[in-house]
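> Take a look at this one; I'll ask things after.
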Amino acid sequence: MDWLKRSASLGLGVSLALVLALSEWLFVGVGGDAAGEQRQREAILLANGVAASIAGADAAVAGERLARWRREHGAIESVLIIVGRELRASTRPEDEAPRNLRREEKPLFDLANELRAAGETNVGEGAVRKKIIRLDDPRDGVVTVSVPLALQGGDTGQVEGMVQARVRPSATLAAAAAASPGWALPLGLVAAALVLGALLRIHPERRFDIGRGLAVALLLGMAIFFQQQRLALMAQAGVAADTALSQVQAAAMATHARSGAPALAPQPASVWDTDAYGRPRNLIGGEGRLLPRTTALAPDSHAQFLARSFWALTALGLVALLFFVQGLATRTAQALREHATAYAYVAPAMIGMLVLVFFPFFYGIALSFTDTTLFNEQQPFRERWIGLTNFWAILGDFHIVSTTAEGTVVNYKNFYWTLMVTVIWTITNVSVGVSFGFLLALALNTEGFRGKTIYRVLLILPWAIPNYITALVWRGMFHPQFGVINQFLQMFGLEPVRWFDGVVSSFVTGLVTNGWLSFPFMMVVILGALQSIPKDMYEAASVEGASRWQQFRRITLPLLRPTLVPAVVLSVVWTFNMFNIIFLVSGGEPGGANEILITKAYKIAFEQYQYAYAAAYSTVIFIILLVYGYFQTRLTRATESY
């Protein structure tokens with residue numbers, strides 16, 4: 001009982017320390033990201049304000065207005081105005097503006113043209129797709145922001161140049177966005193958990209009791225209390241930062257009015273507080289007042305990401321706690337002590353599996369909960385998080401068949417159609433492979449069969465040749481004009497078949513090719529199992545008068561079962577994911593009707609560049625195969641000996 005008390009105390013302390021440490025680390029990291037976003041918001045706001053004030057002004061007027069902005073806003077370190085090939089104005093005397101750009105300043109000219117082209121693209125497409133604001137935040141406290149300079153205050157929608165400003169956020173804003181309460185509270189909670197864990201009464205003979213329930217309750221209560229406090233602090237920091245930005249907005253509006261620039265029309269939301277695409281965030285009013293968060297352009301991604309991550313960390317801590325209080329930690333430590341040498345030998349392989357298999361696997365699962373594509377993969381993970389949306393889109397679309405004026409149309413892009421094709425593909429291919437492999441194995445196992453060795457070598461050749469070479473050979477054989485199969489049909493007066501134009505005929509090409517590749521494996525496995533059956537059993541059965549069919553049914557099949565069923569399960573998994581044959585032979589033609597799940601996932605990822613959707617597709621494939629393998633082995637008792 002003493003060791004179990006220590007295990008409960010240690011488990012509660014370790015699990016809570018794990019949850020709180022990761023939560024605090026995540027809170028500090030997300031808080032730093034939020035502080036960086038607030039720095040960028042202030043820089044964008046001031047740069048947009050400067051651009052609005054000097055739009056349409058000549059060099060002299062622009063210089064005067066820039067000087068006023070520099071005097072009244074200490075956060076602005078410098079501002080450059082680029083119009084065409086001209087440096088029209090600058091707050092730095094050494095720039096000697098106005099003048100033409102020098103050769104080494106060509107990147108400024110290129111950046112101005114890039115922002116102009118991005119804005120024109122968005123207007124031309126009628127969609128916000130490209131960023132029109134460029135940010136450079138090296139984390140040293142100074143943000144370099146480049147915004148378009150519109151003609152006539154933006155009334156015409158045309159861009160004549162660029163405003164580039166270097167902004168060091170004000171101390172008030174930085175303090176509001178980056179507050180962190182430190183580690184005192186988490187350390188205190190862990191100490192309390194160790195004390196309370198030592199008082200728990202846990203009975204080792206029970207799988208669950210009051211002591212274990214109290215340990216779980218203590219972990220959940222302390223973790224949730226700490227995490228909710230951190231979420232409240234994050235919300236307070238956000239409100240404080242928004243308040244500081246609203247003051248910056250009010251001061252910027254006052255500077256704009258005093259600069260002599262044309263008055264702006266009243267706006268319900270600030271048109272200067274925008275995201276990188278130039279869209280108002282709807283968090284600050286035009287005159288500087290705070291707007292409710294419900295009107296925001298996008299929800300607070302930092303708070304949402306933090307809340308979801310906190311729940312995941314709590315679940316991780318709960319698993320760690322149960323690992324201790326259920327005695328698994330003790331048994332694991334004992335096994336490590338007793339078999340330390342064995343574990344040292346397998347450690348390199350375990351590390352390799354962790355890096356090369358498990359990390360990509362879990363990363364793919366995490367990716368499936370985002371909306372990652374080719375265009376947004378550089379964005380922070382929290383901004384791409386969409387939860388179960390991809391899975392709902394995959395599993396919730398039941399529109400397989402639709403009726404149009406031309407008749408009934410099958411949606412070959414639908415998940416359930418592809419799943420049906422994959423299941424039919426798997427069943428038919430495994431049936432063909434097992435049947436032919438079984439028959440050939442029985443033939444090769446016949447006593448007195450001459451040339452057995454030669455036939456065995458010849459029959460294993462299709463499996464020995466790389467399958468992608470075999471797939472390309474069969475694709476050439478099925479060629480509608482030059483393929484040997486159609487040439488053979490024409491020798492008997494039959495019409496050539498356009499194999500890849502029909503749903504069934506295209507399916508047959510893959511079935512034949514994969515059947516040619518799959519029967520040697522099953523033949524080798526079954527032949528090995530047949531040769532391991534003692535011949536004495538058949539002799540005894542013959543003495544008792546059993547027929548060959550009875551011997552096959554009562555001796556051969558039961559003794560083949562432990563070998564045959566795992567081989568069938570493995571064959572199902574291979575065939576379910578047989579990418580090469582579908583991709584290289586039929587290509588899923590016609591119109592994707594013969595795609596299987598794995599080829600569809602590949603094309604979604606590398607032809608449509610929807611990486612997260614493809615990851616969700618792959619996760620669904622894994623779950624299907626996991627469920628199949630579990631129930632297949634349980635129902636058939638394949639791993640039990642006879």
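Every chain in the structure tokens has a letter given in the order shown (A, B, ...), and although residue numbers restart at 1 in each chain, ligands are simply numbered from 1 in the order shown.
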Restrict the calculation to only C-alpha atoms, then for each residue of stretch 241-264 of chain A with any atom at most 8 Å from an atom of stretch 40-50 of chain A give the closest atom pair and their distance in Å to one decimal, rows by chain and rising residue number, as a tab-separated table.

```
residue	atom	partner	partner_atom	distance
A:Leu245	CA	A:Glu42	CA	6.6
A:Val248	CA	A:Glu42	CA	7.5
A:Gln249	CA	A:Leu45	CA	7.3
A:Ala252	CA	A:Gly49	CA	6.6
A:Met253	CA	A:Gly49	CA	7.7
A:His256	CA	A:Gly49	CA	7.2
```
> Pull all heavy atoms from the residues just selected and write them as a compact mmCIF listing (two decimals), in the first residue's frame.

```
# COMPACT_ATOMS: atom_id res chain seq x y z
N LEU A 245 -4.82 50.89 -28.41
CA LEU A 245 -4.91 51.15 -29.84
C LEU A 245 -6.01 52.16 -30.16
O LEU A 245 -5.88 52.95 -31.10
CB LEU A 245 -5.17 49.83 -30.59
CG LEU A 245 -3.94 48.97 -30.84
CD1 LEU A 245 -4.34 47.61 -31.38
CD2 LEU A 245 -3.00 49.64 -31.83
N VAL A 248 -4.46 55.40 -29.77
CA VAL A 248 -3.61 55.70 -30.92
C VAL A 248 -4.46 56.14 -32.10
O VAL A 248 -4.11 57.08 -32.82
CB VAL A 248 -2.77 54.46 -31.29
CG1 VAL A 248 -1.98 54.70 -32.57
CG2 VAL A 248 -1.81 54.10 -30.15
N GLN A 249 -5.61 55.48 -32.30
CA GLN A 249 -6.51 55.86 -33.39
C GLN A 249 -7.02 57.29 -33.21
O GLN A 249 -7.04 58.08 -34.17
CB GLN A 249 -7.70 54.88 -33.44
CG GLN A 249 -8.85 55.29 -34.34
CD GLN A 249 -8.53 55.18 -35.82
OE1 GLN A 249 -7.62 54.44 -36.19
NE2 GLN A 249 -9.27 55.90 -36.65
N ALA A 252 -4.26 59.67 -33.95
CA ALA A 252 -3.96 59.70 -35.38
C ALA A 252 -5.02 60.52 -36.14
O ALA A 252 -4.69 61.26 -37.07
CB ALA A 252 -3.89 58.27 -35.93
N MET A 253 -6.28 60.39 -35.75
CA MET A 253 -7.33 61.19 -36.39
C MET A 253 -7.10 62.68 -36.15
O MET A 253 -7.30 63.51 -37.05
CB MET A 253 -8.69 60.76 -35.86
CG MET A 253 -9.15 59.38 -36.32
SD MET A 253 -9.50 59.31 -38.08
CE MET A 253 -10.96 60.35 -38.15
N HIS A 256 -4.27 63.84 -38.36
CA HIS A 256 -4.75 63.95 -39.74
C HIS A 256 -5.52 65.26 -39.94
O HIS A 256 -5.35 65.95 -40.96
CB HIS A 256 -5.64 62.75 -40.06
CG HIS A 256 -6.25 62.79 -41.43
ND1 HIS A 256 -5.57 62.41 -42.57
CD2 HIS A 256 -7.48 63.21 -41.85
CE1 HIS A 256 -6.35 62.57 -43.62
NE2 HIS A 256 -7.52 63.05 -43.21
```
> Find the spatial neighbours of A:Pro186, counting only C-alpha atoms, within a cut-off of 8 Å - ignore same-chain residues fewer than 5 positions away - and output them as a PyMOL selection string.
chain A and resi 17+20-21+226
> Give one line per residue of stretch 349-421 of chain A that approaches stretch 574-585 of chain A to at most 12 Å, naming the two atoms of the closest pair and their distance in Å to one decimal, counting only C-alpha atoms; sort by chain then ascending residue number and deliver it as CSV.

```
residue,atom,partner,partner_atom,distance
A:Thr418,CA,A:Phe576,CA,11.5
A:Leu419,CA,A:Phe576,CA,9.9
A:Met420,CA,A:Phe576,CA,11.4
A:Val421,CA,A:Phe576,CA,10.2
```
> Keeping only N, CA and C atoms, write the selected residues to a file as a PDB file, in the first residue's frame.

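And here is the file that came out, selection39.pdb:
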```pdb
ATOM      1  N   THR A 418     -16.148   6.870 -53.666  1.00  0.00           N
ATOM      2  CA  THR A 418     -14.766   6.403 -53.640  1.00  0.00           C
ATOM      3  C   THR A 418     -14.590   5.280 -52.630  1.00  0.00           C
ATOM      4  N   LEU A 419     -15.269   5.372 -51.485  1.00  0.00           N
ATOM      5  CA  LEU A 419     -15.200   4.303 -50.490  1.00  0.00           C
ATOM      6  C   LEU A 419     -15.793   3.009 -51.041  1.00  0.00           C
ATOM      7  N   MET A 420     -16.924   3.112 -51.742  1.00  0.00           N
ATOM      8  CA  MET A 420     -17.539   1.927 -52.334  1.00  0.00           C
ATOM      9  C   MET A 420     -16.604   1.284 -53.352  1.00  0.00           C
ATOM     10  N   VAL A 421     -15.999   2.099 -54.215  1.00  0.00           N
ATOM     11  CA  VAL A 421     -15.057   1.567 -55.197  1.00  0.00           C
ATOM     12  C   VAL A 421     -13.875   0.914 -54.492  1.00  0.00           C
TER      13      VAL A 421
END
```
> Would you mind telling me which residue in A:Pro534, A:Pro292, A:Pro93, A:Gly437 lies nearest to A:Phe521 when using only C-alpha atoms?
A:Gly437
> Nearest residue to A:Leu231 out of A:Gln608, A:Gln304, A:Asn376, A:Ser53, using only C-alpha atoms?
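Once distances to A:Leu231 are computed over only C-alpha atoms, the minimum belongs to A:Gln304.
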> Select from stretch 142-377 of chain A everything DSSP, run on the backbone, classes as alpha helix (DSSP H), then give the selection as a PyMOL selection string.
chain A and resi 171-177+184-198+210-258+301-325+328-338+340-353+359-367
> Which residue, A:Gly510, A:Pro590, A:Gly63, A:Gly288, has the smallest gap to A:Thr426 when you use only C-alpha atoms?
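Using only C-alpha atoms, A:Thr426 sits closest to A:Gly510.
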> Contacts of stretch 379-393 of chain A at 7 Å or less, counting only C-alpha atoms, minus same-chain residues fewer than 5 places along, as an NGL selection string?
:A and (301-302 or 305 or 368-372 or 613 or 616)
> So which residues touch A:Gln531 within 12 Å, counting only C-alpha atoms, skipping near sequence neighbours fewer than 3 positions away, as a ChimeraX atom specification?
/A:441-442,444-447,524-528,534-535,556,559-560
> May I have all residues of stretch 11-232 of chain A that DSSP, computed from the backbone, assigns to strand (DSSP E), given as JSON, numbers by chain?
{"A": [76, 77, 78, 79, 80, 81, 82, 83, 86, 87, 88, 89, 90, 99, 100, 134, 135, 136, 143, 144, 145, 146, 147, 148, 149, 150, 159, 160, 161, 162, 163, 164, 165, 166, 167]}
> Calculated over only C-alpha atoms, which of the candidates A:Gly493, A:Gly84, A:Gly221, A:Gly32 has the smallest distance to A:Leu318?
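The shortest atom-to-atom distance to A:Leu318 comes from A:Gly221.
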> Go through A:Arg331, A:Arg258, A:His479, A:Arg279 and flag the residue nearest A:Arg68, using only C-alpha atoms for the distances.
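When distances to A:Arg68 are compared using only C-alpha atoms, the smallest one comes from A:Arg258.
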> What is the distance, in Å and to one decimal place, between atom CA of A:Val159 and atom CA of A:Gly260?
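One can read the atom CA of A:Val159 to atom CA of A:Gly260 distance as 21.2 Å.
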> Pick the closest to A:Ala312 from A:Ile210, A:Ala366, A:Val128, A:Ala67: which is it, counting only C-alpha atoms?
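Distance minimum relative to A:Ala312 lands on A:Ala366.
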> Do you have the atom CA of A:Gln550-atom CA of A:Leu459 distance handy?
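Going from atom CA of A:Gln550 over to atom CA of A:Leu459, I get 28.6 Å.
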